[in-house]
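Taking it in order: structure first as structure tokens, then the write-up.
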Amino acid sequence: ISLKDLMLLDTELRKEKHVMFIQVLKIYLTDLYHKKKISDDLFKKILLIQENDFEELQRQLDSRLQGTEMSGAHNSEYQTVEDLERKEREYSEHIIDNVEAFWKQTDKAQQAFLDQSKCSSAKATKITMDLTEKMIAVESLLSESQDLQAMDIQERLFSWEFMVKMVDSLKSYTPEECKCRLNTVSNILDHLTVKNNLSVRQKEELLTDLHKAFWEQLAHFTNECLQQSKDLILKRLECRAEKREEFKQRQKAEQVNLLSKTFHVEDVHAFLKAYHELLEKHRQAQWELEEEDDCKSTEAVSDLYKELYSKASHALMELVTELFLKTLPVVTGLSVRECELLKEEWQENLVPQLEKWEIHRQQSWKLFQEQLLQEKKHRRR
């Protein structure tokens, strides 16, 4: 997930860089056009060629990245560490090649309009240096942004790991606690066997029937919970996609509005700052939307597993009550009152066992949190 997020971020920043260069080039071309240094046809021609060249650069990169992604995929559905390292290495090589091609393209664009303009050699050199300086500033701006965004992605991954672990903990909570309850029932029946109120065979049959009845019910409740979780996640993903599309349209309108404004050569730095900050704001809004949605989804799934625990506990209590108050009086010959006392004994014996189990669960959870914190510190170095 984090790798895909990083690749998506890389694509967004590359697109941002292309737009910035086109816009800066447009500002300088407009200035030259107003000073009668280039014709309207040349103005439009240079911009069109540059836009087409950037699109072609992106197509070539997409094709090469797709080739890297597909290589080795036909051999196995699994990927080794070596496969991932190779893909990461090839991906980096493609990106470096693309950056070099971008700079060659910008040089070509600058040379094209300078060759065909009516500027003096000194003026042409100054414009070239200004454009290069602006794009170096853009590279620095985007590089800093990429580092900060990469840290955000890492933080999001930690949050996601935490949420997954929390749901997994709730998943295991019900069967583990119920095992504890069933073991305590088994201990009561063992005592009855020692007292000759039950034969070993009778005890085994009672336990087998109890386990079978309970685990069948738990399996049904669990499958029901899993399906509800899947339906819930799918529904939330659909809503997220709709919100993302709304965001996208609104953000696109804001970008178009900014790009349609008139900027002069002396305003280039102001434009670069404004455009970058706008896109940063959009990215942040998108992150916050997804983070909030992840939290709500986790809470909703957690509620489903809490409901599962409640259903399972209730079902087990009914089965155990039936065992003590209906089955045991018949099988053992003990009075109903004696069997009620056995049930009370079961509940009393259960308390320290559950407390012990809960302490173990909390210790495991604390250990996970500490390990996650250590991993965070290690990755930040």
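Convention: chains lettered A, B, ... in structure tokens order; per-chain residue numbering from 1; ligands numbered from 1 as shown.
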
Item to check | Lys118 of chain A surroundings by only C-alpha atoms, 9 Å radius, close-in-sequence under 4 positions cut, as number ranges by chain | outcome: A: 32, 36-38, 114

Item to check | Close residues, segment 50-56 of chain A itself excluded, 12 Å, only C-alpha atoms, min 3 positions apart in chain, as a PyMOL selection string | outcome: chain A and resi 14-23+25-26+43-47+59-63+98-99+101-113

Please produce a file of those selected residues containing C-alpha atoms, as an mmCIF file, in the first residue's frame.
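Dumped everything to out17.cif:
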```cif
data_model
loop_
_atom_site.group_PDB
_atom_site.id
_atom_site.type_symbol
_atom_site.label_atom_id
_atom_site.label_comp_id
_atom_site.auth_asym_id
_atom_site.auth_seq_id
_atom_site.Cartn_x
_atom_site.Cartn_y
_atom_site.Cartn_z
ATOM 1 C CA ARG A 14 5.810 14.955 -11.890
ATOM 2 C CA LYS A 15 2.551 16.204 -13.414
ATOM 3 C CA GLU A 16 2.743 19.283 -11.174
ATOM 4 C CA LYS A 17 6.276 19.971 -12.436
ATOM 5 C CA HIS A 18 5.150 19.693 -16.069
ATOM 6 C CA VAL A 19 2.238 22.088 -15.499
ATOM 7 C CA MET A 20 4.524 24.545 -13.716
ATOM 8 C CA PHE A 21 7.037 24.550 -16.559
ATOM 9 C CA ILE A 22 4.334 25.009 -19.205
ATOM 10 C CA GLN A 23 2.861 27.883 -17.197
ATOM 11 C CA LEU A 25 7.063 29.167 -20.272
ATOM 12 C CA LYS A 26 3.671 30.663 -21.121
ATOM 13 C CA PHE A 43 3.451 31.479 -29.311
ATOM 14 C CA LYS A 44 0.735 28.829 -29.796
ATOM 15 C CA LYS A 45 3.015 26.465 -31.721
ATOM 16 C CA ILE A 46 5.712 26.346 -29.020
ATOM 17 C CA LEU A 47 3.172 25.715 -26.233
ATOM 18 C CA ARG A 59 3.309 7.749 -22.158
ATOM 19 C CA GLN A 60 6.815 6.359 -22.574
ATOM 20 C CA LEU A 61 7.334 6.283 -18.806
ATOM 21 C CA ASP A 62 3.947 4.609 -18.215
ATOM 22 C CA SER A 63 4.793 1.962 -20.811
ATOM 23 C CA ASN A 98 12.463 10.469 -17.295
ATOM 24 C CA VAL A 99 13.960 13.355 -15.291
ATOM 25 C CA ALA A 101 14.442 13.521 -20.666
ATOM 26 C CA PHE A 102 12.403 16.281 -18.997
ATOM 27 C CA TRP A 103 15.423 18.586 -18.725
ATOM 28 C CA LYS A 104 16.396 17.870 -22.346
ATOM 29 C CA GLN A 105 12.840 18.722 -23.338
ATOM 30 C CA THR A 106 12.900 22.027 -21.462
ATOM 31 C CA ASP A 107 16.238 22.920 -23.093
ATOM 32 C CA LYS A 108 14.756 22.072 -26.478
ATOM 33 C CA ALA A 109 11.690 24.250 -25.795
ATOM 34 C CA GLN A 110 13.794 27.206 -24.683
ATOM 35 C CA GLN A 111 16.078 26.904 -27.701
ATOM 36 C CA ALA A 112 13.099 26.654 -30.071
ATOM 37 C CA PHE A 113 11.487 29.940 -29.071
#
```

Checklist entry - Which residue, A:Glu246, A:Glu205, A:Asp97, A:Asp147, has the smallest gap to Gln58 of chain A when you use only C-alpha atoms? => result A:Asp97

Next on the checklist: Let me make sure I understand: among A:Lys311, A:His94, A:Lys203, A:Lys248, which one has the smallest atom-to-atom distance to His220 of chain A if we use only C-alpha atoms?
Outcome noted: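 Distance minimum relative to His220 of chain A lands on A:Lys311.
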
Next on the checklist: List the spatial neighbours of Ser145 of chain A as a count of residues only - criterion: any atom at most 9 Å away, only C-alpha atoms, same-chain residues fewer than 4 positions off excluded.
Outcome noted: 6

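Between atom CA of Lys243 of chain A and atom CA of Leu289 of chain A there is a distance of 8.5 Å.
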
Item to check | Interatomic distance, atom CA of Asn223 of chain A to atom CA of Leu308 of chain A (Å, one decimal) | outcome: 10.1 Å

Neighbour list for segment 271-274 of chain A as a PDB file with N, CA and C atoms, in the first residue's frame, cut-off 10 Å, only C-alpha atoms, skip fewer than 5 positions in-chain:
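Written out: around.pdb:
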```pdb
ATOM      1  N   LYS A  17       5.075  19.353 -11.866  1.00  0.00           N
ATOM      2  CA  LYS A  17       6.276  19.971 -12.436  1.00  0.00           C
ATOM      3  C   LYS A  17       6.056  20.333 -13.906  1.00  0.00           C
ATOM      4  N   MET A  20       3.792  23.341 -14.124  1.00  0.00           N
ATOM      5  CA  MET A  20       4.524  24.545 -13.716  1.00  0.00           C
ATOM      6  C   MET A  20       5.429  25.050 -14.838  1.00  0.00           C
ATOM      7  N   PHE A  21       6.139  24.115 -15.486  1.00  0.00           N
ATOM      8  CA  PHE A  21       7.037  24.550 -16.559  1.00  0.00           C
ATOM      9  C   PHE A  21       6.250  25.163 -17.718  1.00  0.00           C
ATOM     10  N   GLN A  23       3.411  26.588 -17.606  1.00  0.00           N
ATOM     11  CA  GLN A  23       2.861  27.883 -17.197  1.00  0.00           C
ATOM     12  C   GLN A  23       3.941  28.967 -17.151  1.00  0.00           C
ATOM     13  N   VAL A  24       5.112  28.607 -16.634  1.00  0.00           N
ATOM     14  CA  VAL A  24       6.222  29.575 -16.590  1.00  0.00           C
ATOM     15  C   VAL A  24       6.643  29.942 -18.010  1.00  0.00           C
ATOM     16  N   LYS A 134      14.190  29.097 -12.312  1.00  0.00           N
ATOM     17  CA  LYS A 134      12.830  28.853 -11.810  1.00  0.00           C
ATOM     18  C   LYS A 134      12.559  27.351 -11.685  1.00  0.00           C
ATOM     19  N   MET A 135      13.010  26.569 -12.680  1.00  0.00           N
ATOM     20  CA  MET A 135      12.745  25.129 -12.654  1.00  0.00           C
ATOM     21  C   MET A 135      13.593  24.413 -11.612  1.00  0.00           C
ATOM     22  N   ALA A 137      14.294  25.818  -8.780  1.00  0.00           N
ATOM     23  CA  ALA A 137      13.526  26.140  -7.565  1.00  0.00           C
ATOM     24  C   ALA A 137      12.329  25.204  -7.434  1.00  0.00           C
ATOM     25  N   VAL A 138      11.693  24.900  -8.571  1.00  0.00           N
ATOM     26  CA  VAL A 138      10.550  23.976  -8.578  1.00  0.00           C
ATOM     27  C   VAL A 138      10.996  22.587  -8.129  1.00  0.00           C
ATOM     28  N   LEU A 141      11.467  22.577  -4.467  1.00  0.00           N
ATOM     29  CA  LEU A 141      10.157  22.659  -3.812  1.00  0.00           C
ATOM     30  C   LEU A 141       9.471  21.294  -3.794  1.00  0.00           C
ATOM     31  N   LEU A 258      -6.882  29.224 -11.073  1.00  0.00           N
ATOM     32  CA  LEU A 258      -5.573  29.826 -10.806  1.00  0.00           C
ATOM     33  C   LEU A 258      -4.749  29.936 -12.094  1.00  0.00           C
ATOM     34  N   LEU A 259      -4.781  28.866 -12.900  1.00  0.00           N
ATOM     35  CA  LEU A 259      -3.992  28.859 -14.139  1.00  0.00           C
ATOM     36  C   LEU A 259      -4.510  29.860 -15.169  1.00  0.00           C
ATOM     37  N   LYS A 261      -5.515  32.850 -14.472  1.00  0.00           N
ATOM     38  CA  LYS A 261      -5.180  34.224 -14.081  1.00  0.00           C
ATOM     39  C   LYS A 261      -3.954  34.719 -14.850  1.00  0.00           C
ATOM     40  N   THR A 262      -3.856  36.019 -14.987  1.00  0.00           N
ATOM     41  CA  THR A 262      -2.729  36.625 -15.707  1.00  0.00           C
ATOM     42  C   THR A 262      -1.554  36.854 -14.755  1.00  0.00           C
ATOM     43  N   PHE A 263      -0.418  36.277 -15.132  1.00  0.00           N
ATOM     44  CA  PHE A 263       0.808  36.480 -14.348  1.00  0.00           C
ATOM     45  C   PHE A 263       1.873  37.093 -15.256  1.00  0.00           C
ATOM     46  N   HIS A 264       2.628  38.047 -14.711  1.00  0.00           N
ATOM     47  CA  HIS A 264       3.722  38.660 -15.458  1.00  0.00           C
ATOM     48  C   HIS A 264       5.038  38.004 -15.047  1.00  0.00           C
ATOM     49  N   VAL A 265       6.094  38.315 -15.788  1.00  0.00           N
ATOM     50  CA  VAL A 265       7.402  37.708 -15.518  1.00  0.00           C
ATOM     51  C   VAL A 265       7.826  37.918 -14.066  1.00  0.00           C
ATOM     52  N   GLU A 266       7.564  39.110 -13.544  1.00  0.00           N
ATOM     53  CA  GLU A 266       7.960  39.391 -12.152  1.00  0.00           C
ATOM     54  C   GLU A 266       7.099  38.633 -11.128  1.00  0.00           C
ATOM     55  N   LEU A 279      -2.031  22.804  -4.591  1.00  0.00           N
ATOM     56  CA  LEU A 279      -1.991  21.349  -4.767  1.00  0.00           C
ATOM     57  C   LEU A 279      -1.671  20.627  -3.459  1.00  0.00           C
ATOM     58  N   GLU A 280      -0.834  21.250  -2.633  1.00  0.00           N
ATOM     59  CA  GLU A 280      -0.536  20.681  -1.314  1.00  0.00           C
ATOM     60  C   GLU A 280      -1.807  20.639  -0.460  1.00  0.00           C
TER      61      GLU A 280
END
```

Next on the checklist: So that I can see what lies close to Leu206 of chain A, please list as a list in words the residues with an atom at most 10 Å from it, counting only C-alpha atoms and leaving out residues fewer than 6 positions away in the same chain.
Outcome noted: Ser186, Leu189, Val200, Lys212, Leu323, Thr327, Leu328 and Val331 of chain A

Let me see the file: selected residues, N, CA and C atoms, as a compact mmCIF listing (two decimals), in the first residue's frame.
```txt
# COMPACT_ATOMS: atom_id res chain seq x y z
N SER A 186 -15.34 -27.92 31.70
CA SER A 186 -14.68 -29.23 31.69
C SER A 186 -14.14 -29.58 33.07
N LEU A 189 -16.97 -30.80 35.29
CA LEU A 189 -17.35 -32.17 34.93
C LEU A 189 -16.30 -33.18 35.38
N VAL A 200 -16.54 -41.45 32.77
CA VAL A 200 -15.63 -40.75 31.84
C VAL A 200 -16.29 -40.63 30.48
N LYS A 212 -19.54 -29.05 20.17
CA LYS A 212 -20.09 -29.09 18.81
C LYS A 212 -21.19 -28.04 18.64
N LEU A 323 -27.01 -27.29 30.03
CA LEU A 323 -26.22 -28.43 30.49
C LEU A 323 -26.37 -28.63 32.00
N THR A 327 -29.64 -31.04 31.59
CA THR A 327 -28.98 -32.31 31.24
C THR A 327 -28.39 -33.01 32.47
N LEU A 328 -27.61 -32.27 33.27
CA LEU A 328 -26.93 -32.89 34.41
C LEU A 328 -27.88 -33.52 35.44
N VAL A 331 -28.70 -36.91 33.90
CA VAL A 331 -27.57 -37.83 33.71
C VAL A 331 -26.94 -38.24 35.05
```

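If you count only C-alpha atoms and ignore residues fewer than 2 places along the chain from Ile153 of chain A, what sits within 10 Å of it is Ile1, Ser2, Leu3, Asp5, Leu6, Leu9, Asp147, Leu148, Gln149, Ala150, Met151, Glu155, Arg156, Leu157, Phe158, Ser159 and Trp287 of chain A.
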
Export, as an mmCIF file, in the first residue's frame, the selected residues with N, CA and C atoms.
```cif
data_model
loop_
_atom_site.group_PDB
_atom_site.id
_atom_site.type_symbol
_atom_site.label_atom_id
_atom_site.label_comp_id
_atom_site.auth_asym_id
_atom_site.auth_seq_id
_atom_site.Cartn_x
_atom_site.Cartn_y
_atom_site.Cartn_z
ATOM 1 N N ILE A 1 0.841 -1.198 0.000
ATOM 2 C CA ILE A 1 0.000 0.000 0.000
ATOM 3 C C ILE A 1 0.877 1.249 0.000
ATOM 4 N N SER A 2 1.869 1.312 0.905
ATOM 5 C CA SER A 2 2.715 2.504 0.973
ATOM 6 C C SER A 2 3.504 2.687 -0.317
ATOM 7 N N LEU A 3 3.957 1.568 -0.930
ATOM 8 C CA LEU A 3 4.711 1.662 -2.184
ATOM 9 C C LEU A 3 3.840 2.245 -3.287
ATOM 10 N N ASP A 5 1.238 4.152 -2.836
ATOM 11 C CA ASP A 5 1.007 5.561 -2.481
ATOM 12 C C ASP A 5 2.187 6.434 -2.899
ATOM 13 N N LEU A 6 3.395 5.920 -2.685
ATOM 14 C CA LEU A 6 4.600 6.668 -3.059
ATOM 15 C C LEU A 6 4.698 6.843 -4.570
ATOM 16 N N LEU A 9 2.141 9.419 -5.567
ATOM 17 C CA LEU A 9 2.649 10.747 -5.207
ATOM 18 C C LEU A 9 3.693 11.207 -6.222
ATOM 19 N N ASP A 147 9.530 14.468 0.282
ATOM 20 C CA ASP A 147 10.058 13.943 1.552
ATOM 21 C C ASP A 147 9.007 14.020 2.660
ATOM 22 N N LEU A 148 8.323 15.161 2.741
ATOM 23 C CA LEU A 148 7.296 15.346 3.777
ATOM 24 C C LEU A 148 6.116 14.408 3.554
ATOM 25 N N GLN A 149 5.707 14.284 2.282
ATOM 26 C CA GLN A 149 4.582 13.401 1.958
ATOM 27 C C GLN A 149 4.939 11.943 2.229
ATOM 28 N N ALA A 150 6.198 11.576 1.965
ATOM 29 C CA ALA A 150 6.641 10.198 2.224
ATOM 30 C C ALA A 150 6.538 9.883 3.714
ATOM 31 N N MET A 151 6.871 10.875 4.557
ATOM 32 C CA MET A 151 6.734 10.696 6.006
ATOM 33 C C MET A 151 5.264 10.533 6.389
ATOM 34 N N GLU A 155 3.470 7.401 8.245
ATOM 35 C CA GLU A 155 2.601 7.545 9.415
ATOM 36 C C GLU A 155 1.254 6.872 9.168
ATOM 37 N N ARG A 156 0.759 7.042 7.954
ATOM 38 C CA ARG A 156 -0.529 6.443 7.616
ATOM 39 C C ARG A 156 -0.440 4.920 7.647
ATOM 40 N N LEU A 157 0.696 4.393 7.199
ATOM 41 C CA LEU A 157 0.900 2.942 7.218
ATOM 42 C C LEU A 157 0.901 2.424 8.654
ATOM 43 N N PHE A 158 1.551 3.171 9.560
ATOM 44 C CA PHE A 158 1.558 2.774 10.970
ATOM 45 C C PHE A 158 0.134 2.792 11.539
ATOM 46 N N SER A 159 -0.617 3.826 11.197
ATOM 47 C CA SER A 159 -2.008 3.921 11.665
ATOM 48 C C SER A 159 -2.822 2.752 11.139
ATOM 49 N N TRP A 287 -5.943 13.288 1.870
ATOM 50 C CA TRP A 287 -5.407 12.429 2.932
ATOM 51 C C TRP A 287 -6.337 12.415 4.143
#
```

Checklist entry - From the list A:Lys377, A:Arg244, A:His314, A:Lys326, which residue is nearest Phe221 of chain A when using only C-alpha atoms? => result A:His314

Checklist entry - Pick the closest to Asp31 of chain A from A:Val268, A:Ile233, A:Arg181, A:Glu345: which is it, counting only C-alpha atoms? => result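 Closest to Asp31 of chain A of all the choices is A:Val268.
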
Next on the checklist: Using only C-alpha atoms for the distances, tell me which of A:Gly333, A:Asp231, A:Trp346, A:Gln369 is nearest to Asn197 of chain A.
Outcome noted: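 So, comparing all the options, the nearest one is A:Gly333.
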
Item to check | atom CA of Leu192 of chain A to atom CA of Lys179 of chain A, straight-line distance in Å | outcome: 20.2 Å

Checklist entry - Using the chain letters and numbers from this document, which residues of segment 245-287 of chain A does DSSP assign to alpha helix (DSSP H), as a ChimeraX atom specification? => result /A:245-259,268-287
